[in-house]
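Visitor: Right, I'll just put the structure down here and ask away after.
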Amino acid sequence: MHIEQNKSLQPYNTFGIDVSAKQFVSITAVDELKTILAENNPVFILGGGSNMLLTKDLDTLVVHLNLKGISIENETEDHVYIKAMAGENWHEFVLHCLAEGYGGIENLSLIPGNIGTAPIQNIGAYGVELKDVFESCRAVEIETGKERTFTKDECHFGYRDSIFKNEAKGKYCIVSVTLQLTKKNHELHTSYGAIQDELKKRNISSPTIQDISKAVISIRQSKLPNPKEIGNSGSFFKNPVLNAEAFREFKSNYPEAPYYELSDAEYKVPAGWLIEQAGFKGKRFGDAGVHDKQALVLVNHGNASGEELWNLALQIQKKVREQFGIYIEPEVNIL
Ligand code: EPU
């Protein structure tokens, strides 16, 4: 383990923001993590850097989780319990599972980030969330260095939410995640219009898990920017959820607005639509901008600072509130 001083974090966050860490260490084993935690406090745990906006230099020791490895924990005739270490890249793991014929995460293809951060925000796309296949995760308590398991129930998963964004925030470092995937009789999720359209375009009527993955990859590539080409953090805001009364009023003012009915008391409105209507889609302020194909995604066109992107986010939030009376909450962590 080598502790580096004043290290640029630009290659370690998908927004590509150039801030520096006072100290930086990359760890490749859980024991190394425990040693670091015993000797340093506070620390900042860095995973794939795909869900954060860094607005300033970090004055602490940044611990980059570079834990690798995929193993089968258990197997039945129908299911496999597969464990991946926190530093494995999420999409590469999805491809690995598809190659092995394991189903359950094909709809989550091409989501940026690492395995270890997936439970924190309960990643989701096209009708599937991590919680649907999640079995458990192992985590190290930052204060004590003790390891423990979190079961699915203990994670309190919600829409882009979990215990790790609430009571357990900043207290644990997730070191591995175990998923329950199917070996046969895969449960396919193709109800999303975009997936149906894509499968139709490809003349596929009985899709395999691989077909669904390919469809999802193609949909995502058509509207979401590749962080390797243009810095971004996926959806910057969560889709707001309105109660029945607020939704009735919204719908009568904007009958054309898309929405998802969660229950007869809750309706989700796409923040991307609100932001587009507020006039921000494709707009650029210096190097900080709003993606031209999906207004929910803020982008770094080159050398935007975290502060510039955050100011843009605040402007968007304010305009959406003024125009629609709706508060949109950031999905990414602002640091
Ligand atoms: N829309 C617009 N203008 C835009 C963007 C969207 O009018 O600029 C409209 C679309 O026409 C559509 C609706 O909003 O009617 C929903 O758009 P989309 O299907 O692109 O999905 P989303 O609700 O904007 C969510 C997730 C994405 C996930 C997709 C697909 C959140 C915050 N985002 O986006 O997740 O890929 O659904 O399931 O829930 C992420 O979390 O980083 C992410 C990309």
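In the structure tokens, the first chain shown is A, the next is B, and so on; residue numbers restart at 1 for each chain, and ligands run from 1 in the order shown.
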Using only C-alpha atoms, which residues sit within 12 Å of A:Gly116 once same-chain residues fewer than 5 positions away are excluded, as a ChimeraX atom specification?

Guide: /A:45-51,64-68,83-90,93,121-123,130,136-140,164,172-178

Visitor: Take the selection from the previous step and output its residues with C-alpha atoms, as a PDB file, in the first residue's frame.

Guide:
```
ATOM      1  CA  ILE A  45     -14.201   5.960   0.561  1.00  0.00           C
ATOM      2  CA  LEU A  46     -14.136   6.120  -3.233  1.00  0.00           C
ATOM      3  CA  GLY A  47     -15.743   3.459  -5.418  1.00  0.00           C
ATOM      4  CA  GLY A  48     -16.384   3.908  -9.136  1.00  0.00           C
ATOM      5  CA  GLY A  49     -16.880   7.676  -8.734  1.00  0.00           C
ATOM      6  CA  SER A  50     -19.994   7.446 -10.898  1.00  0.00           C
ATOM      7  CA  ASN A  51     -22.510   9.026  -8.578  1.00  0.00           C
ATOM      8  CA  HIS A  64      -9.874   3.914  -3.496  1.00  0.00           C
ATOM      9  CA  LEU A  65     -11.557   0.512  -3.293  1.00  0.00           C
ATOM     10  CA  ASN A  66      -9.798  -1.629  -5.842  1.00  0.00           C
ATOM     11  CA  LEU A  67     -11.117  -4.970  -4.567  1.00  0.00           C
ATOM     12  CA  LYS A  68     -11.532  -7.511  -7.370  1.00  0.00           C
ATOM     13  CA  LYS A  83     -20.517 -12.685  -5.125  1.00  0.00           C
ATOM     14  CA  ALA A  84     -18.553  -9.812  -6.618  1.00  0.00           C
ATOM     15  CA  MET A  85     -16.009  -7.660  -4.849  1.00  0.00           C
ATOM     16  CA  ALA A  86     -16.750  -3.921  -4.577  1.00  0.00           C
ATOM     17  CA  GLY A  87     -14.164  -2.776  -7.126  1.00  0.00           C
ATOM     18  CA  GLU A  88     -15.495  -4.876 -10.003  1.00  0.00           C
ATOM     19  CA  ASN A  89     -16.970  -2.726 -12.757  1.00  0.00           C
ATOM     20  CA  TRP A  90     -20.765  -3.123 -12.809  1.00  0.00           C
ATOM     21  CA  PHE A  93     -19.952  -7.994 -14.197  1.00  0.00           C
ATOM     22  CA  GLN A 121     -28.422   4.057  -4.575  1.00  0.00           C
ATOM     23  CA  ASN A 122     -30.238   0.819  -5.476  1.00  0.00           C
ATOM     24  CA  ILE A 123     -29.383   1.239  -9.169  1.00  0.00           C
ATOM     25  CA  LEU A 130     -30.781  -4.006  -7.847  1.00  0.00           C
ATOM     26  CA  SER A 136     -26.760  -9.533   0.805  1.00  0.00           C
ATOM     27  CA  CYS A 137     -23.632  -7.456   1.053  1.00  0.00           C
ATOM     28  CA  ARG A 138     -20.588  -7.468   3.310  1.00  0.00           C
ATOM     29  CA  ALA A 139     -19.454  -4.161   4.764  1.00  0.00           C
ATOM     30  CA  VAL A 140     -16.697  -2.933   7.035  1.00  0.00           C
ATOM     31  CA  PHE A 164     -26.422   3.593   3.073  1.00  0.00           C
ATOM     32  CA  TYR A 172     -19.802   1.548   6.340  1.00  0.00           C
ATOM     33  CA  CYS A 173     -17.698   0.598   3.411  1.00  0.00           C
ATOM     34  CA  ILE A 174     -19.312  -2.080   1.232  1.00  0.00           C
ATOM     35  CA  VAL A 175     -16.657  -4.635   0.245  1.00  0.00           C
ATOM     36  CA  SER A 176     -18.704  -7.230  -1.653  1.00  0.00           C
ATOM     37  CA  VAL A 177     -22.213  -7.872  -2.906  1.00  0.00           C
ATOM     38  CA  THR A 178     -23.984 -11.211  -3.416  1.00  0.00           C
TER      39      THR A 178
END
```

Visitor: Give me the residues of chain A that have any atom at most 8 Å from an atom of ligand 1; for each, the nearest atom pair and the distance in Å, rounded to one decimal. Use only C-alpha atoms and all ligand atoms, sort by chain and number, and format it as JSON lines.

Guide:
```
{"residue": "A:Ile111", "atom": "CA", "partner": "ligand 1", "partner_atom_place_in_ligand_line": "42 (O)", "distance": 7.2}
{"residue": "A:Ile123", "atom": "CA", "partner": "ligand 1", "partner_atom_place_in_ligand_line": "41 (O)", "distance": 6.5}
{"residue": "A:Gly124", "atom": "CA", "partner": "ligand 1", "partner_atom_place_in_ligand_line": "35 (O)", "distance": 6.2}
{"residue": "A:Ala125", "atom": "CA", "partner": "ligand 1", "partner_atom_place_in_ligand_line": "38 (O)", "distance": 3.4}
{"residue": "A:Tyr126", "atom": "CA", "partner": "ligand 1", "partner_atom_place_in_ligand_line": "38 (O)", "distance": 3.6}
{"residue": "A:Gly127", "atom": "CA", "partner": "ligand 1", "partner_atom_place_in_ligand_line": "38 (O)", "distance": 6.1}
{"residue": "A:Val128", "atom": "CA", "partner": "ligand 1", "partner_atom_place_in_ligand_line": "38 (O)", "distance": 7.9}
{"residue": "A:Tyr159", "atom": "CA", "partner": "ligand 1", "partner_atom_place_in_ligand_line": "39 (O)", "distance": 7.7}
{"residue": "A:Arg160", "atom": "CA", "partner": "ligand 1", "partner_atom_place_in_ligand_line": "39 (O)", "distance": 7.2}
{"residue": "A:Tyr192", "atom": "CA", "partner": "ligand 1", "partner_atom_place_in_ligand_line": "38 (O)", "distance": 7.9}
{"residue": "A:Ala194", "atom": "CA", "partner": "ligand 1", "partner_atom_place_in_ligand_line": "19 (O)", "distance": 7.3}
{"residue": "A:Arg220", "atom": "CA", "partner": "ligand 1", "partner_atom_place_in_ligand_line": "36 (O)", "distance": 7.0}
{"residue": "A:Lys223", "atom": "CA", "partner": "ligand 1", "partner_atom_place_in_ligand_line": "20 (O)", "distance": 7.5}
{"residue": "A:Leu224", "atom": "CA", "partner": "ligand 1", "partner_atom_place_in_ligand_line": "44 (C)", "distance": 7.2}
{"residue": "A:Ser233", "atom": "CA", "partner": "ligand 1", "partner_atom_place_in_ligand_line": "42 (O)", "distance": 6.6}
{"residue": "A:Gly234", "atom": "CA", "partner": "ligand 1", "partner_atom_place_in_ligand_line": "42 (O)", "distance": 3.5}
{"residue": "A:Ser235", "atom": "CA", "partner": "ligand 1", "partner_atom_place_in_ligand_line": "42 (O)", "distance": 3.8}
{"residue": "A:Phe236", "atom": "CA", "partner": "ligand 1", "partner_atom_place_in_ligand_line": "42 (O)", "distance": 6.9}
{"residue": "A:Phe237", "atom": "CA", "partner": "ligand 1", "partner_atom_place_in_ligand_line": "32 (C)", "distance": 5.6}
{"residue": "A:Lys238", "atom": "CA", "partner": "ligand 1", "partner_atom_place_in_ligand_line": "32 (C)", "distance": 3.9}
{"residue": "A:Asn239", "atom": "CA", "partner": "ligand 1", "partner_atom_place_in_ligand_line": "32 (C)", "distance": 5.0}
{"residue": "A:Ala257", "atom": "CA", "partner": "ligand 1", "partner_atom_place_in_ligand_line": "15 (O)", "distance": 7.8}
{"residue": "A:Pro258", "atom": "CA", "partner": "ligand 1", "partner_atom_place_in_ligand_line": "15 (O)", "distance": 5.0}
{"residue": "A:Tyr259", "atom": "CA", "partner": "ligand 1", "partner_atom_place_in_ligand_line": "15 (O)", "distance": 7.3}
{"residue": "A:Val269", "atom": "CA", "partner": "ligand 1", "partner_atom_place_in_ligand_line": "23 (O)", "distance": 7.7}
{"residue": "A:Pro270", "atom": "CA", "partner": "ligand 1", "partner_atom_place_in_ligand_line": "14 (O)", "distance": 4.7}
{"residue": "A:Ala271", "atom": "CA", "partner": "ligand 1", "partner_atom_place_in_ligand_line": "24 (O)", "distance": 6.3}
{"residue": "A:Gly272", "atom": "CA", "partner": "ligand 1", "partner_atom_place_in_ligand_line": "5 (C)", "distance": 3.8}
{"residue": "A:Trp273", "atom": "CA", "partner": "ligand 1", "partner_atom_place_in_ligand_line": "7 (O)", "distance": 3.6}
{"residue": "A:Leu274", "atom": "CA", "partner": "ligand 1", "partner_atom_place_in_ligand_line": "7 (O)", "distance": 7.3}
{"residue": "A:Ile275", "atom": "CA", "partner": "ligand 1", "partner_atom_place_in_ligand_line": "8 (O)", "distance": 6.9}
{"residue": "A:Glu276", "atom": "CA", "partner": "ligand 1", "partner_atom_place_in_ligand_line": "8 (O)", "distance": 5.2}
{"residue": "A:Gln277", "atom": "CA", "partner": "ligand 1", "partner_atom_place_in_ligand_line": "7 (O)", "distance": 7.8}
{"residue": "A:Lys281", "atom": "CA", "partner": "ligand 1", "partner_atom_place_in_ligand_line": "8 (O)", "distance": 6.1}
{"residue": "A:His291", "atom": "CA", "partner": "ligand 1", "partner_atom_place_in_ligand_line": "8 (O)", "distance": 7.9}
{"residue": "A:Asp292", "atom": "CA", "partner": "ligand 1", "partner_atom_place_in_ligand_line": "8 (O)", "distance": 7.3}
{"residue": "A:Lys293", "atom": "CA", "partner": "ligand 1", "partner_atom_place_in_ligand_line": "8 (O)", "distance": 5.9}
{"residue": "A:Gln294", "atom": "CA", "partner": "ligand 1", "partner_atom_place_in_ligand_line": "8 (O)", "distance": 3.7}
{"residue": "A:Ala295", "atom": "CA", "partner": "ligand 1", "partner_atom_place_in_ligand_line": "8 (O)", "distance": 3.6}
{"residue": "A:Leu296", "atom": "CA", "partner": "ligand 1", "partner_atom_place_in_ligand_line": "5 (C)", "distance": 6.0}
{"residue": "A:Val297", "atom": "CA", "partner": "ligand 1", "partner_atom_place_in_ligand_line": "44 (C)", "distance": 7.7}
{"residue": "A:Glu331", "atom": "CA", "partner": "ligand 1", "partner_atom_place_in_ligand_line": "32 (C)", "distance": 6.8}
```

Visitor: Give me, as JSON, numbers by chain, all polymer residues having an atom no more than 8 Å from stretch 182-185 of chain A, counting only C-alpha atoms and skipping those fewer than 2 positions away in the same chain.

Guide: {"A": [77, 78, 79, 80, 101, 102, 103, 104, 180, 187]}

Visitor: Taking the backbone alone, and naming residues the way the document does, which bits of stretch 21-149 of chain A are strand (DSSP E) by DSSP, as an NGL selection string?

Guide: :A and (21-27 or 43-46 or 52-53 or 58-65 or 70-75 or 79-85 or 124-125 or 128-129 or 134-141 or 147-149)

Visitor: Nearest to A:Ile17 among A:Glu75, A:Glu256, A:Asp287, A:Glu143, with distances taken over only C-alpha atoms: which residue is it?

Guide: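 Ranked by minimum distance to A:Ile17, first place goes to A:Asp287.
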
Visitor: With distances taken over only C-alpha atoms, which of A:Ile326, A:Thr60, A:Val320, A:Val30 is nearest to A:Lys7?

Guide: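 Smallest separation from A:Lys7 among the options: A:Thr60.
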
Visitor: Choose the residue, out of A:Pro330, A:Ala38, A:Pro112, A:Ile163, that has the smallest atom-to-atom separation from A:Pro225; count only C-alpha atoms.

Guide: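 Distance minimum relative to A:Pro225 lands on A:Pro112.
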
Visitor: Quick one: of A:Gly306, A:Gly158, A:Pro227, A:Gly145, who's nearest to A:Thr35, counting only C-alpha atoms?

Guide: A:Gly145

Visitor: Could you check how far atom CA of A:Pro119 sits from atom CA of A:Lys152, in Å to one decimal?

Guide: 9.7 Å

Visitor: One decimal, Å: what's the distance from atom CA of A:Leu298 over to atom CA of A:Lys228, could you say?

Guide: 14.5 Å

Visitor: Which residue gives the smallest distance to A:Gly16 among A:Gln210, A:Thr55, A:Thr149, A:Asn114, with only C-alpha atoms counted?

Guide: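 Checking each candidate against A:Gly16, we get A:Thr55 as the closest.
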
Visitor: I need the residue nearest A:Ile334 from this list: A:Ile120, A:Glu307, A:Gly170, A:Leu312. Use only C-alpha atoms for the distance.

Guide: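 For A:Ile334, the nearest of the given residues is A:Glu307.
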
Visitor: Report the distance between atom CA of A:His189 and atom CA of A:Lys214 in Å, rounded to one decimal place.

Guide: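 Result for atom CA of A:His189 versus atom CA of A:Lys214: 13.5 Å, one decimal.
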
Visitor: Do a neighbour search on A:Tyr327 at 9 Å with only C-alpha atoms, toss out local chain neighbours closer than 6 positions, and write the hits as a PyMOL selection string.

Guide: chain A and resi 240+317-318+320-321

Visitor: Deliver the residues from the most recent selection as a file, using C-alpha atoms, as an mmCIF file, in the first residue's frame.

Guide:
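So out_17.cif came out as:
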```
data_model
loop_
_atom_site.group_PDB
_atom_site.id
_atom_site.type_symbol
_atom_site.label_atom_id
_atom_site.label_comp_id
_atom_site.auth_asym_id
_atom_site.auth_seq_id
_atom_site.Cartn_x
_atom_site.Cartn_y
_atom_site.Cartn_z
ATOM 1 C CA PRO A 240 -40.088 13.576 -8.266
ATOM 2 C CA GLN A 317 -33.864 23.294 -9.614
ATOM 3 C CA LYS A 318 -35.011 26.903 -9.108
ATOM 4 C CA VAL A 320 -38.402 23.935 -12.314
ATOM 5 C CA ARG A 321 -39.767 24.974 -8.926
#
```
